[in-house]
Each structure stands twice: as structure tokens, then as C-alpha cells.
>>> print(open('query.txt').read())   # compact mmCIF, C-alpha atoms
# COMPACT_ATOMS: atom_id res chain seq x y z
CA MET X 91 -36.73 81.70 82.05
CA GLN X 92 -33.19 80.43 82.54
CA LYS X 93 -31.41 80.01 79.18
CA TYR X 94 -29.49 76.80 78.51
CA ILE X 95 -27.27 76.21 75.47
CA MET X 96 -25.81 72.74 74.95
CA HIS X 97 -22.63 71.93 73.00
CA ILE X 98 -22.25 68.30 71.95
CA ASP X 99 -18.74 67.22 70.96
CA MET X 100 -17.92 63.69 69.79
CA ASP X 101 -14.88 62.18 71.52
CA ALA X 102 -11.80 61.77 69.27
CA PHE X 103 -14.30 61.35 66.47
CA PHE X 104 -12.29 60.13 63.46
CA ALA X 105 -10.10 57.82 65.56
CA SER X 106 -13.11 56.52 67.49
CA VAL X 107 -14.91 55.64 64.25
CA GLU X 108 -11.85 53.69 63.11
CA GLN X 109 -11.77 51.80 66.41
CA LEU X 110 -15.50 51.14 66.12
CA ASP X 111 -15.15 49.65 62.64
CA ASN X 112 -11.95 47.72 63.41
CA PRO X 113 -12.07 45.90 66.78
CA GLU X 114 -8.32 45.18 66.52
CA LEU X 115 -7.67 48.91 67.02
CA ARG X 116 -9.67 49.23 70.21
CA GLY X 117 -7.58 50.09 73.24
CA LYS X 118 -4.59 50.89 71.03
CA PRO X 119 -3.09 54.29 70.12
CA VAL X 120 -4.59 55.29 66.76
CA GLY X 121 -3.85 58.21 64.47
CA VAL X 122 -5.78 59.11 61.33
CA GLY X 123 -3.48 60.19 58.51
CA SER X 124 -1.04 58.59 56.10
CA LEU X 125 2.54 57.35 56.26
CA HIS X 126 3.74 59.88 53.68
CA GLU X 127 6.74 61.81 54.94
CA ARG X 128 4.84 65.13 54.91
CA SER X 129 1.54 63.85 56.27
CA VAL X 130 -0.05 65.24 59.43
CA LEU X 131 -2.62 63.58 61.66
CA SER X 132 -6.23 64.66 61.35
CA ALA X 133 -7.12 62.91 64.63
CA ALA X 134 -5.61 60.95 67.52
CA SER X 135 -7.28 58.51 69.89
CA TYR X 136 -7.15 59.09 73.64
CA GLU X 137 -4.73 56.18 73.95
CA ALA X 138 -2.38 58.08 71.60
CA ARG X 139 -2.86 61.39 73.40
CA LYS X 140 -1.33 59.90 76.54
CA PHE X 141 1.99 59.91 74.62
CA GLY X 142 1.59 63.56 73.58
CA VAL X 143 0.25 62.72 70.13
CA ARG X 144 -2.39 65.16 68.88
CA SER X 145 -4.19 66.20 65.72
CA ALA X 146 -2.32 68.41 63.22
CA MET X 147 0.98 66.82 64.35
CA PRO X 148 3.34 65.52 61.64
CA VAL X 149 3.08 61.74 61.45
CA ARG X 150 6.85 61.39 61.70
CA GLN X 151 6.85 63.27 65.02
CA ALA X 152 3.87 61.28 66.30
CA LEU X 153 5.64 57.98 65.60
CA LYS X 154 8.69 59.17 67.53
CA LEU X 155 6.50 59.94 70.55
CA CYS X 156 4.55 56.69 70.17
CA PRO X 157 6.25 53.99 68.06
CA GLU X 158 3.21 51.72 68.59
CA LEU X 159 0.89 54.24 66.94
CA GLN X 160 -1.47 52.64 64.43
CA VAL X 161 -1.78 55.07 61.51
CA VAL X 162 -4.91 54.54 59.39
CA SER X 163 -6.01 56.48 56.31
CA GLY X 164 -9.61 57.01 57.38
CA SER X 165 -12.83 57.37 55.41
CA ARG X 166 -14.48 60.77 55.00
CA HIS X 167 -17.61 59.10 53.67
CA ARG X 168 -17.92 56.96 56.81
CA TYR X 169 -17.37 59.97 59.09
CA LYS X 170 -20.15 61.88 57.33
CA GLU X 171 -22.45 58.87 57.68
CA ILE X 172 -21.92 58.70 61.45
CA SER X 173 -22.15 62.50 61.76
CA HIS X 174 -25.53 62.43 60.06
CA LYS X 175 -26.79 59.91 62.63
CA VAL X 176 -25.60 62.14 65.48
CA MET X 177 -27.40 65.16 64.04
CA GLU X 178 -30.56 63.09 63.63
CA VAL X 179 -30.44 62.26 67.34
CA LEU X 180 -30.12 65.94 68.25
CA GLY X 181 -33.03 66.75 65.94
CA ASN X 182 -35.26 64.60 68.12
CA TYR X 183 -34.80 67.10 70.96
CA THR X 184 -35.07 70.39 69.08
CA PRO X 185 -35.90 71.49 65.52
CA VAL X 186 -32.90 73.85 65.43
CA VAL X 187 -29.52 72.09 65.37
CA GLU X 188 -26.46 74.22 64.60
CA GLN X 189 -23.80 71.88 63.26
CA ALA X 190 -20.49 73.59 63.98
CA SER X 191 -18.38 70.88 62.31
CA ILE X 192 -18.59 67.23 61.34
CA ASP X 193 -18.33 66.16 65.01
CA GLU X 194 -19.90 68.97 67.04
CA ALA X 195 -23.13 70.92 67.30
CA TYR X 196 -25.06 73.40 69.42
CA ILE X 197 -28.70 73.15 70.49
CA ASP X 198 -30.82 75.52 72.56
CA ILE X 199 -32.69 73.47 75.20
CA THR X 200 -34.29 76.46 76.90
CA GLY X 201 -37.89 75.64 77.81
CA THR X 202 -37.66 71.93 76.96
CA GLU X 203 -37.65 70.81 80.61
CA LYS X 204 -41.35 69.91 80.53
CA LEU X 205 -40.73 67.60 77.60
CA PHE X 206 -37.37 66.02 78.43
CA GLY X 207 -36.53 66.95 82.03
CA PRO X 208 -33.84 69.23 83.52
CA PRO X 209 -30.63 70.00 81.54
CA LEU X 210 -28.49 67.24 83.07
CA GLN X 211 -31.17 64.67 82.35
CA ILE X 212 -31.43 65.88 78.75
CA ALA X 213 -27.64 65.60 78.38
CA ARG X 214 -27.67 62.02 79.69
CA SER X 215 -30.52 61.11 77.34
CA ILE X 216 -28.74 62.61 74.33
CA LYS X 217 -25.48 60.83 75.16
CA SER X 218 -27.36 57.54 75.56
CA ASP X 219 -29.20 57.99 72.26
CA ILE X 220 -25.96 58.82 70.43
CA ARG X 221 -24.34 55.72 71.91
CA LYS X 222 -27.25 53.56 70.74
CA ALA X 223 -27.29 55.11 67.26
CA THR X 224 -23.55 55.08 66.60
CA GLY X 225 -21.73 53.07 69.25
CA LEU X 226 -19.66 56.16 70.10
CA THR X 227 -19.39 58.49 73.07
CA ALA X 228 -19.89 62.24 73.21
CA SER X 229 -19.10 64.94 75.75
CA VAL X 230 -21.65 67.62 76.56
CA GLY X 231 -21.27 71.17 77.86
CA ILE X 232 -24.21 73.21 79.16
CA ALA X 233 -24.15 76.95 79.87
CA PRO X 234 -26.24 80.11 79.47
CA VAL X 235 -24.31 81.15 76.31
CA LYS X 236 -22.62 79.44 73.37
CA PHE X 237 -18.94 80.10 74.01
CA LEU X 238 -19.19 78.86 77.60
CA ALA X 239 -21.09 75.76 76.49
CA LYS X 240 -18.24 74.95 74.09
CA ILE X 241 -15.65 75.41 76.85
CA ALA X 242 -17.74 73.29 79.22
CA SER X 243 -17.89 70.34 76.80
CA ASP X 244 -14.09 70.09 77.01
CA LEU X 245 -13.89 70.09 80.81
CA ASN X 246 -14.75 66.45 81.42
CA LYS X 247 -13.65 64.55 78.32
CA PRO X 248 -14.11 61.86 77.23
CA ASP X 249 -17.74 60.78 77.74
CA GLY X 250 -18.45 63.58 80.22
CA ILE X 251 -21.03 66.21 81.09
CA SER X 252 -20.28 69.66 82.50
CA ILE X 253 -22.72 72.42 83.37
CA ILE X 254 -22.07 76.07 84.15
CA LYS X 255 -25.14 77.62 85.75
CA ALA X 256 -25.92 81.32 85.50
CA ASN X 257 -24.99 81.97 89.13
CA GLN X 258 -21.63 80.23 88.57
CA VAL X 259 -20.50 82.18 85.50
CA GLN X 260 -18.58 85.00 87.23
CA ASP X 261 -16.61 82.67 89.51
CA PHE X 262 -15.88 80.41 86.53
CA LEU X 263 -14.49 83.32 84.48
CA LYS X 264 -12.18 84.33 87.32
CA LYS X 265 -10.42 80.96 87.01
CA LEU X 266 -10.70 80.46 83.24
CA PRO X 267 -7.37 81.01 81.40
CA VAL X 268 -7.99 83.63 78.75
CA GLU X 269 -6.55 81.37 76.01
CA LYS X 270 -9.48 79.00 76.58
CA ILE X 271 -11.85 81.55 75.05
CA PRO X 272 -12.59 80.44 71.46
CA GLY X 273 -10.85 82.82 69.06
CA VAL X 274 -7.95 83.74 71.35
CA GLY X 275 -5.04 82.28 69.40
CA LYS X 276 -1.27 82.30 69.52
CA LYS X 277 -1.01 85.79 68.00
CA ALA X 278 -3.48 87.47 70.36
CA LEU X 279 -2.28 85.79 73.55
CA PRO X 280 1.10 87.59 73.89
CA ARG X 281 -0.64 90.96 73.46
CA LEU X 282 -3.19 90.08 76.11
CA ARG X 283 -0.40 88.97 78.43
CA SER X 284 1.31 92.33 77.92
CA PHE X 285 -1.81 93.99 79.34
CA GLY X 286 -1.70 91.75 82.41
CA ILE X 287 -4.56 89.54 81.21
CA THR X 288 -4.31 86.01 82.58
CA TYR X 289 -7.91 84.97 83.17
CA ALA X 290 -11.07 85.72 81.23
CA ALA X 291 -12.46 88.00 83.94
CA ASP X 292 -9.31 90.17 83.67
CA LEU X 293 -10.64 91.49 80.36
CA ARG X 294 -13.03 93.71 82.32
CA ARG X 295 -10.18 95.64 83.91
CA TYR X 296 -10.12 97.94 80.89
CA PRO X 297 -13.07 99.83 79.35
CA PRO X 298 -14.59 98.87 75.99
CA GLU X 299 -12.80 101.77 74.27
CA PHE X 300 -9.43 100.28 75.26
CA TRP X 301 -10.21 96.99 73.53
CA LYS X 302 -11.79 98.54 70.45
CA GLU X 303 -8.76 100.76 69.89
CA ARG X 304 -6.40 97.77 69.95
CA PHE X 305 -8.48 94.95 68.45
CA GLY X 306 -11.33 96.70 66.64
CA GLU X 307 -14.80 95.17 66.85
CA ARG X 308 -13.22 91.89 67.93
CA GLY X 309 -11.96 93.68 71.04
CA LEU X 310 -15.52 94.51 72.04
CA VAL X 311 -16.46 90.85 71.65
CA LEU X 312 -13.56 89.91 73.96
CA TYR X 313 -14.67 92.52 76.50
CA ASP X 314 -18.18 91.02 76.56
CA LYS X 315 -16.88 87.48 76.93
CA GLY X 316 -14.91 88.60 79.96
CA ALA X 317 -18.31 89.04 81.63
CA GLY X 318 -19.84 85.90 80.15
CA ILE X 319 -21.83 87.82 77.52
CA ASP X 320 -22.42 86.17 74.16
CA PRO X 321 -25.56 87.23 72.24
CA THR X 322 -24.88 84.79 69.40
CA PRO X 323 -28.00 82.65 68.98
CA VAL X 324 -28.16 78.98 68.07
CA THR X 325 -29.14 78.91 64.41
CA GLY X 326 -29.88 76.21 61.89
CA ARG X 327 -27.66 75.04 59.09
CA ALA X 328 -25.41 77.85 57.92
CA PRO X 329 -25.32 78.45 54.16
CA MET X 330 -22.36 76.88 52.41
CA LYS X 331 -19.74 79.41 51.26
CA SER X 332 -17.27 77.14 49.46
CA SER X 333 -16.15 73.57 48.97
CA SER X 334 -12.60 72.43 48.30
CA ALA X 335 -10.33 69.41 48.17
CA GLU X 336 -6.57 69.23 48.15
CA ASN X 337 -3.76 66.68 48.46
CA THR X 338 -0.19 67.00 49.68
CA PHE X 339 2.26 64.65 47.95
CA GLY X 340 4.74 62.47 49.79
CA ALA X 341 7.22 63.30 47.02
CA ASP X 342 7.03 66.33 44.71
CA VAL X 343 5.14 65.69 41.46
CA SER X 344 5.95 67.22 38.07
CA ASP X 345 3.92 64.98 35.76
CA ILE X 346 0.91 66.93 34.40
CA HIS X 347 -1.09 63.76 33.71
CA THR X 348 -0.77 62.73 37.36
CA LEU X 349 -1.79 66.19 38.54
CA LYS X 350 -4.82 66.27 36.25
CA THR X 351 -5.91 62.81 37.35
CA LEU X 352 -5.89 64.00 40.96
CA LEU X 353 -7.78 67.17 39.99
CA LEU X 354 -10.45 64.98 38.42
CA LYS X 355 -10.89 63.01 41.65
CA GLN X 356 -11.05 66.26 43.62
CA SER X 357 -13.57 67.75 41.20
CA GLU X 358 -15.78 64.67 41.64
CA ARG X 359 -15.53 65.05 45.40
CA ILE X 360 -16.48 68.71 45.64
CA ALA X 361 -19.21 68.38 43.02
CA ALA X 362 -20.88 65.65 45.06
CA ASP X 363 -20.46 67.79 48.18
CA ILE X 364 -22.19 70.87 46.79
CA ARG X 365 -24.96 68.77 45.24
CA SER X 366 -25.68 67.34 48.68
CA HIS X 367 -26.18 70.94 49.86
CA GLU X 368 -28.36 71.70 46.82
CA VAL X 369 -26.24 74.59 45.62
CA LYS X 370 -24.27 75.43 42.49
CA GLY X 371 -21.05 77.41 42.26
CA ARG X 372 -19.76 79.84 39.71
CA THR X 373 -16.11 80.46 40.70
CA VAL X 374 -13.56 77.64 40.33
CA THR X 375 -10.19 78.00 42.06
CA LEU X 376 -6.90 76.16 41.55
CA LYS X 377 -4.46 75.98 44.47
CA ILE X 378 -0.80 74.99 44.08
CA LYS X 379 1.98 74.84 46.66
CA PHE X 380 5.60 74.39 45.57
CA PRO X 381 8.52 72.66 47.34
CA ASP X 382 9.75 76.02 48.71
CA PHE X 383 6.26 76.51 50.27
CA ARG X 384 5.44 79.29 47.81
CA GLN X 385 1.71 79.12 47.10
CA ILE X 386 -0.47 80.41 44.28
CA THR X 387 -4.23 80.44 43.69
CA ARG X 388 -5.88 81.06 40.34
CA SER X 389 -9.64 81.51 39.86
CA ARG X 390 -12.08 81.69 36.98
CA THR X 391 -15.72 82.74 37.15
CA LEU X 392 -18.06 80.79 34.84
CA ASP X 393 -20.89 82.21 32.74
CA SER X 394 -23.39 80.14 34.75
CA ARG X 395 -23.32 78.21 38.02
CA THR X 396 -22.65 74.48 38.06
CA SER X 397 -22.46 71.43 40.28
CA HIS X 398 -21.14 69.18 37.50
CA ALA X 399 -17.73 67.58 38.07
CA GLY X 400 -16.86 67.64 34.38
CA THR X 401 -17.35 71.40 34.15
CA ILE X 402 -15.31 72.01 37.31
CA TYR X 403 -12.55 69.73 36.05
CA LYS X 404 -12.39 71.32 32.60
CA THR X 405 -12.13 74.78 34.20
CA VAL X 406 -9.44 73.89 36.71
CA CYS X 407 -7.39 72.13 34.02
CA ALA X 408 -7.48 75.30 31.93
CA LEU X 409 -6.16 77.21 34.94
CA LEU X 410 -3.41 74.62 35.38
CA ASP X 411 -2.41 74.75 31.70
CA ALA X 412 -2.09 78.54 31.93
CA GLU X 413 0.64 78.09 34.56
CA ARG X 414 2.83 75.77 32.52
CA PRO X 415 5.73 75.12 32.57
CA LEU X 416 5.06 74.35 36.20
CA GLY X 417 7.92 72.38 37.74
CA PRO X 418 7.65 70.19 40.86
CA VAL X 419 4.47 70.54 42.96
CA ARG X 420 4.09 69.81 46.66
CA LEU X 421 0.30 70.27 46.92
CA ILE X 422 -2.57 70.70 44.50
CA GLY X 423 -6.23 71.37 45.09
CA VAL X 424 -9.46 72.66 43.58
CA GLY X 425 -12.30 74.67 45.11
CA ILE X 426 -15.64 76.11 44.10
CA SER X 427 -17.49 79.10 45.54
CA ASN X 428 -19.89 81.93 44.64
CA PHE X 429 -22.96 79.82 45.33
CA GLU X 430 -26.62 80.23 44.63
CA GLY X 431 -29.36 77.77 45.49
CA ARG X 432 -30.80 75.56 42.78
CA ASN X 433 -34.32 76.95 43.19
CA ARG X 434 -34.00 80.25 41.35
CA GLN X 435 -35.96 81.95 38.61
CA LEU X 436 -34.48 81.60 35.15
CA SER X 437 -33.33 84.86 33.60
CA LEU X 438 -35.00 85.88 30.34
CA LEU X 439 -31.53 86.82 29.07
CA GLU X 440 -30.08 83.30 29.36
CA ASP X 441 -29.34 81.22 26.29
CA PRO X 442 -32.36 78.88 25.92
CA GLU X 443 -30.10 76.03 24.83
CA LYS X 444 -27.92 76.10 27.95
CA PRO X 445 -30.69 75.31 30.48
CA ASN X 446 -31.55 72.15 28.53
CA LYS X 447 -27.93 71.05 28.56
CA ASN X 448 -27.56 71.88 32.24
CA LYS X 449 -30.79 70.05 33.04
CA LYS X 450 -29.45 66.90 31.40
CA LEU X 451 -26.20 67.18 33.41
CA ASP X 452 -28.21 67.66 36.60
CA GLN X 453 -30.30 64.58 35.84
CA LEU X 454 -27.17 62.54 35.17
CA ASP X 455 -25.51 63.74 38.38
CA LYS X 456 -28.66 62.97 40.38
CA ALA X 457 -28.75 59.44 38.99
CA VAL X 458 -25.07 58.90 39.83
CA ASP X 459 -25.58 60.23 43.36
CA GLN X 460 -28.53 57.89 43.91
CA VAL X 461 -26.58 54.82 42.74
CA ARG X 462 -23.55 55.72 44.88
CA SER X 463 -25.76 56.40 47.91
CA LYS X 464 -27.33 52.96 47.60
CA PHE X 465 -24.34 50.83 46.59
CA GLY X 466 -21.29 52.83 47.75
CA LYS X 467 -19.28 55.69 46.29
CA ASN X 468 -16.85 53.36 44.44
CA ILE X 469 -19.58 51.56 42.47
CA LEU X 470 -19.28 54.10 39.63
CA THR X 471 -15.93 55.39 38.43
CA ARG X 472 -14.98 57.55 35.46
CA GLY X 473 -13.23 55.68 32.65
CA ARG X 474 -10.30 58.12 32.83
CA LEU X 475 -9.63 57.06 36.40
CA LEU X 476 -9.87 53.36 35.59
CA GLU X 477 -7.25 53.82 32.85
CA ASP X 478 -4.80 55.21 35.43
CA GLU X 479 -5.11 52.28 37.84
>>> encode(input="query.txt", output="C-alpha cells")
Amino acid sequence: MQKYIMHIDMDAFFASVEQLDNPELRGKPVGVGSLHERSVLSAASYEARKFGVRSAMPVRQALKLCPELQVVSGSRHRYKEISHKVMEVLGNYTPVVEQASIDEAYIDITGTEKLFGPPLQIARSIKSDIRKATGLTASVGIAPVKFLAKIASDLNKPDGISIIKANQVQDFLKKLPVEKIPGVGKKALPRLRSFGITYAADLRRYPPEFWKERFGERGLVLYDKGAGIDPTPVTGRAPMKSSSAENTFGADVSDIHTLKTLLLKQSERIAADIRSHEVKGRTVTLKIKFPDFRQITRSRTLDSRTSHAGTIYKTVCALLDAERPLGPVRLIGVGISNFEGRNRQLSLLEDPEKPNKNKKLDQLDKAVDQVRSKFGKNILTRGRLLEDE
């Protein structure tokens, strides 16, 4: 049976959502970011890309390239809402949806022809269903393996479909620039060029031992991709490894009260995130970047795992206090990791009082999440944050 992997990639996702929600932005160059001097764009619409504007570009540089650029702050909550609808559409075609990021996913459509038709027909149906569910367009790539499906989805953007059939793979690799292979970055490319590697198929000029000696196990992966080999299967939702939030200031901040207020907002954000994944974390990390770009991280491992914002905030503040006097700060952030699912057996060695306390916190958090889900995330706000407004 011919194997078909499909990669679905939303077109200029963040910017497209902003244009969807604000008709005045449609047809105009849009960038998602802020007007702070140090801000970078997290997305750019196709109208903006015509001027050379792209994601990860400093806003100041983007405005020089395109003075008409409409810079909007964006809404992570809204993006997640639309993303969830997209994944629901994909779930109607297969029970296994591998969400690679907020705006892209893989599905294995092998053997679904009898249900939904040939691959191109399935792609058209998925694109149509996404359009009906969200009002947005997506581009689809189809190939026998995952990395080629991802490359294919970028060949005919926006709103396109591209398919690489099994009997086309070798000819495709002969014309595919090696830097198009996912994972071949700016550091690896010069080395590959020094070996005379221009196209993906050129990787097969040397034996596996050559690549392993120079790049380790990653070299063997490159060697396989030069022949269109990728055994990586499409899997379901990958387990969460960490959650973090950070902010870069437009002007350096020295005031501890301001920094702690921001850490509280970040703690609320990541706590809600890990609760939505039904996990708890045990290691809290503080991240600080200074005006000279020097960066430090400090971590503390708790006695028990938590998904409570107050516990995260208390821990990260203790880490911050240990670094004082601090001086001006360019960036500050908090993260949590070392997860374990909520459904675990209670240890006989645990303090019997702590589970009761944690249970009450969990019940409170659950109630808050339910209210915010129904009425909006800003319906409930901590008193500390209201005092600072």
C-alpha cells in the first residue's frame, strides 16, 4: 500500500487571524508584534512579505522596509482558539493528529482512500473544512514521508496543495536545495557546501561513515534524507516537557515591584497552560537578560509538583530576591518543567496534610479555569494586578 503523509500549514497564521477579526486590516501589510524599540515580529502577512518583511525581524527594520505596515499586538488566546478548531477538523479524517506547532500538523492518510477519496481529494476537503470552520486558508503538502510532506506544503503557498509521489521522490531530491531539509541551519550549511553538497541528493555521494564521523547520529539522518528516507511515524500529541513565558522591555527596568508584577502575570499564564495539558511541574526557573545581553537562569525544584500560579510565583520571586541587587533588566521570564501527569498514585511517604491543601488549590484553579473559559480570560484578575493598574 502506498504511504501518504500530509502536512497542513496555516497561511501566515497570526497575521491572518488579525485580518479575519479586523476587516480594516484585510489586504493591508500586517505584522504581529509591538512598537517597542526592541520588539520583533512574530508574524507577517503576505502583503507585508512582498516588501521583504518576515517573522523574527525587528519591528524597526520592518517599518523601514514597509512604512505602511500595520503593527498589532495579537492575542495568544485567540490563536489557540482557532488552532483548536483546525485540529478538530483534522481529527474528523484520522484519530491520530500530530500537532507540530500552533499552526501546523501532520496526519497519516494511508488507507483512507475508501473513506475520503484519493490524496488530492482529501487535501481539498480538509482545506474546505478548515475554511468553513475558521474563515482561514491552509496549504497542504503530501508525500510518502514526513520531512518531504513538510517541504511540499511550502511549495505552493498560500492556499495551495502540493504532492510528491513515491516515483517522483528521487527526481525531486536532485533539484531540492539542501538547506530546504528541515534541520539544516546556518551553521551546518557552510560545512555541507565545503563538501560540495548543493542539493539533497548530493548527500548520497559519501558513505554513511563519512557523515557519522562529522555530524554524529545526525549525519546518518541527513544521509537517509538524501535518499528520501524518513522512518519517523506520525504520532499523537507529544508529552509536554516545559512551559514558559517571558517579556522583553522597551526600556530597561530596575524596579523590583514592576518585575514581580510581570512575573505574577507570567506565572498565571504558564499555570493555566500546564493545567490545560493536565500536568504538574516540579522545577521552576527564572530567566533574566541584562542590557549587555548577558543572561542567567536560576532554578529551584519543589518538594511536590504543582500547577498553581501562586506557588510558581512565590518560588520565582524567591529566586529573584536571591539575585539582588540586580540592576537594570532587559528581559525577564519564568518557566516550569519536570512534569508528571495528574493521575498518579499517592506515595505513602507524603505528608497527609499536603494532599488536602493541594486538592483545595486544584479545585480553586479548576473553578477559575471554567469561569475564564466561559466568560473570557480577563473576567477574573488577581487583586495584586488590579492595584498596579
>>> atom_distance(input="query.txt", atom1="atom CA of X:Leu354", atom2="atom CA of X:Thr396")
15.5 Å
>>> residues_around(input="query.txt", residues="stretch 273-282 of chain X", least_positions_apart="2", cutoff="10 Å", atoms="only C-alpha atoms", output="list in words")
Phe237, Val268, Glu269, Lys270, Ile271, Ser284, Phe285, Gly286, Ile287, Thr288, Tyr289, Asp292, Leu293, Arg304, Phe305, Arg308 and Leu312 of chain X
>>> closest_residue(input="query.txt", among="X:Leu416, X:Val324, X:Leu376, X:Val179", to="X:Lys404", atoms="only C-alpha atoms")
X:Leu376
>>> closest_residue(input="query.txt", among="X:Ile98, X:Lys118, X:Pro297, X:Asp261", to="X:Ile220", atoms="all atoms listed in the file")
X:Ile98
>>> atom_distance(input="query.txt", atom1="atom CA of X:Met330", atom2="atom CA of X:Thr373")
13.7 Å
>>> residues_near_point(input="query.txt", point="(-28.3, 71.2, 62.4)", cutoff="12 Å", atoms="all atoms listed in the file", output="ChimeraX atom specification")
/X:98,173-198,324-329
>>> residues_around(input="query.txt", residues="stretch 339-345 of chain X", least_positions_apart="3", cutoff="10 Å", atoms="all atoms listed in the file", output="compact mmCIF listing (two decimals) with C-alpha atoms, keeping the file's coordinate frame")
# COMPACT_ATOMS: atom_id res chain seq x y z
CA SER X 124 -1.04 58.59 56.10
CA LEU X 125 2.54 57.35 56.26
CA HIS X 126 3.74 59.88 53.68
CA GLU X 127 6.74 61.81 54.94
CA ARG X 128 4.84 65.13 54.91
CA SER X 129 1.54 63.85 56.27
CA GLU X 336 -6.57 69.23 48.15
CA THR X 348 -0.77 62.73 37.36
CA LEU X 349 -1.79 66.19 38.54
CA LYS X 350 -4.82 66.27 36.25
CA PHE X 380 5.60 74.39 45.57
CA PRO X 381 8.52 72.66 47.34
CA PRO X 415 5.73 75.12 32.57
CA LEU X 416 5.06 74.35 36.20
CA GLY X 417 7.92 72.38 37.74
CA PRO X 418 7.65 70.19 40.86
CA VAL X 419 4.47 70.54 42.96
CA ARG X 420 4.09 69.81 46.66
CA LEU X 421 0.30 70.27 46.92
CA ILE X 422 -2.57 70.70 44.50
>>> closest_residue(input="query.txt", among="X:Gly121, X:Pro234, X:Gly423, X:Gly164", to="X:Lys379", atoms="all atoms listed in the file")
X:Gly423
>>> residues_around(input="query.txt", residues="X:Cys156", least_positions_apart="4", cutoff="12 Å", atoms="only C-alpha atoms", output="PDB file with C-alpha atoms, keeping the file's coordinate frame")
ATOM      1  CA  LYS X 118      -4.590  50.890  71.030  1.00  0.00           C
ATOM      2  CA  PRO X 119      -3.090  54.290  70.120  1.00  0.00           C
ATOM      3  CA  VAL X 120      -4.590  55.290  66.760  1.00  0.00           C
ATOM      4  CA  GLY X 121      -3.850  58.210  64.470  1.00  0.00           C
ATOM      5  CA  ALA X 134      -5.610  60.950  67.520  1.00  0.00           C
ATOM      6  CA  SER X 135      -7.280  58.510  69.890  1.00  0.00           C
ATOM      7  CA  GLU X 137      -4.730  56.180  73.950  1.00  0.00           C
ATOM      8  CA  ALA X 138      -2.380  58.080  71.600  1.00  0.00           C
ATOM      9  CA  ARG X 139      -2.860  61.390  73.400  1.00  0.00           C
ATOM     10  CA  LYS X 140      -1.330  59.900  76.540  1.00  0.00           C
ATOM     11  CA  PHE X 141       1.990  59.910  74.620  1.00  0.00           C
ATOM     12  CA  GLY X 142       1.590  63.560  73.580  1.00  0.00           C
ATOM     13  CA  VAL X 143       0.250  62.720  70.130  1.00  0.00           C
ATOM     14  CA  ARG X 144      -2.390  65.160  68.880  1.00  0.00           C
ATOM     15  CA  VAL X 149       3.080  61.740  61.450  1.00  0.00           C
ATOM     16  CA  ARG X 150       6.850  61.390  61.700  1.00  0.00           C
ATOM     17  CA  GLN X 151       6.850  63.270  65.020  1.00  0.00           C
ATOM     18  CA  ALA X 152       3.870  61.280  66.300  1.00  0.00           C
ATOM     19  CA  GLN X 160      -1.470  52.640  64.430  1.00  0.00           C
ATOM     20  CA  VAL X 161      -1.780  55.070  61.510  1.00  0.00           C
TER      21      VAL X 161
END
>>> atom_distance(input="query.txt", atom1="atom CA of X:Ser252", atom2="atom CA of X:Ala291")
20.0 Å
>>> closest_residue(input="query.txt", among="X:Val424, X:Ala146, X:Leu245, X:Ile232", to="X:Ser333", atoms="only C-alpha atoms")
X:Val424
>>> closest_residue(input="query.txt", among="X:Leu238, X:Leu115, X:Val162, X:Ile95", to="X:Thr202", atoms="only C-alpha atoms")
X:Ile95
>>> axis_aligned_box(input="query.txt", around="stretch 418-431 of chain X", padding_each_side="3 Å", output="AutoDock Vina command-line options")
--center_x -10.9 --center_y 75.9 --center_z 43.9 --size_x 43.0 --size_y 18.1 --size_z 12.1
>>> closest_residue(input="query.txt", among="X:Lys236, X:Lys315, X:Lys456, X:Lys302", to="X:Ser366", atoms="all atoms listed in the file")
X:Lys456
>>> residues_around(input="query.txt", residues="X:Ser334", least_positions_apart="2", cutoff="9 Å", atoms="all atoms listed in the file", output="VMD selection string")
chain X and resid 332 336 356 to 357 359 to 360 375 423 to 427
>>> residues_near_point(input="query.txt", point="(-12.6, 78.9, 37.6)", cutoff="7 Å", atoms="all atoms listed in the file", output="list of chain:residue names")
X:Thr373, X:Val374, X:Thr375, X:Ser389, X:Arg390, X:Thr391, X:Leu392, X:Thr405, X:Val406
>>> decode(input="query.txt", residues="stretch 347-379 of chain X", atoms="C-alpha atoms", output="PDB file, in the first residue's frame")
ATOM      1  CA  HIS X 347       7.879  45.730  42.145  1.00  0.00           C
ATOM      2  CA  THR X 348       7.417  46.064  38.380  1.00  0.00           C
ATOM      3  CA  LEU X 349       9.431  42.915  37.732  1.00  0.00           C
ATOM      4  CA  LYS X 350       7.457  40.921  40.300  1.00  0.00           C
ATOM      5  CA  THR X 351       4.149  42.126  38.891  1.00  0.00           C
ATOM      6  CA  LEU X 352       5.180  40.841  35.470  1.00  0.00           C
ATOM      7  CA  LEU X 353       6.346  37.543  36.993  1.00  0.00           C
ATOM      8  CA  LEU X 354       2.901  37.151  38.533  1.00  0.00           C
ATOM      9  CA  LYS X 355       1.219  37.587  35.149  1.00  0.00           C
ATOM     10  CA  GLN X 356       3.650  35.098  33.611  1.00  0.00           C
ATOM     11  CA  SER X 357       3.075  32.610  36.428  1.00  0.00           C
ATOM     12  CA  GLU X 358      -0.684  32.835  35.830  1.00  0.00           C
ATOM     13  CA  ARG X 359      -0.120  32.203  32.130  1.00  0.00           C
ATOM     14  CA  ILE X 360       2.066  29.120  32.432  1.00  0.00           C
ATOM     15  CA  ALA X 361      -0.033  27.668  35.248  1.00  0.00           C
ATOM     16  CA  ALA X 362      -3.129  27.826  33.054  1.00  0.00           C
ATOM     17  CA  ASP X 363      -1.135  26.313  30.197  1.00  0.00           C
ATOM     18  CA  ILE X 364       0.049  23.252  32.111  1.00  0.00           C
ATOM     19  CA  ARG X 365      -3.392  22.727  33.652  1.00  0.00           C
ATOM     20  CA  SER X 366      -4.838  22.575  30.146  1.00  0.00           C
ATOM     21  CA  HIS X 367      -2.380  19.721  29.467  1.00  0.00           C
ATOM     22  CA  GLU X 368      -3.312  18.057  32.776  1.00  0.00           C
ATOM     23  CA  VAL X 369       0.222  18.002  34.108  1.00  0.00           C
ATOM     24  CA  LYS X 370       2.039  19.434  37.119  1.00  0.00           C
ATOM     25  CA  GLY X 371       5.627  20.648  37.272  1.00  0.00           C
ATOM     26  CA  ARG X 372       8.234  20.466  39.965  1.00  0.00           C
ATOM     27  CA  THR X 373      11.102  22.675  38.717  1.00  0.00           C
ATOM     28  CA  VAL X 374      10.585  26.455  38.491  1.00  0.00           C
ATOM     29  CA  THR X 375      13.099  28.517  36.502  1.00  0.00           C
ATOM     30  CA  LEU X 376      13.810  32.250  36.465  1.00  0.00           C
ATOM     31  CA  LYS X 377      15.350  33.764  33.326  1.00  0.00           C
ATOM     32  CA  ILE X 378      16.947  37.227  33.241  1.00  0.00           C
ATOM     33  CA  LYS X 379      18.713  39.031  30.413  1.00  0.00           C
TER      34      LYS X 379
END
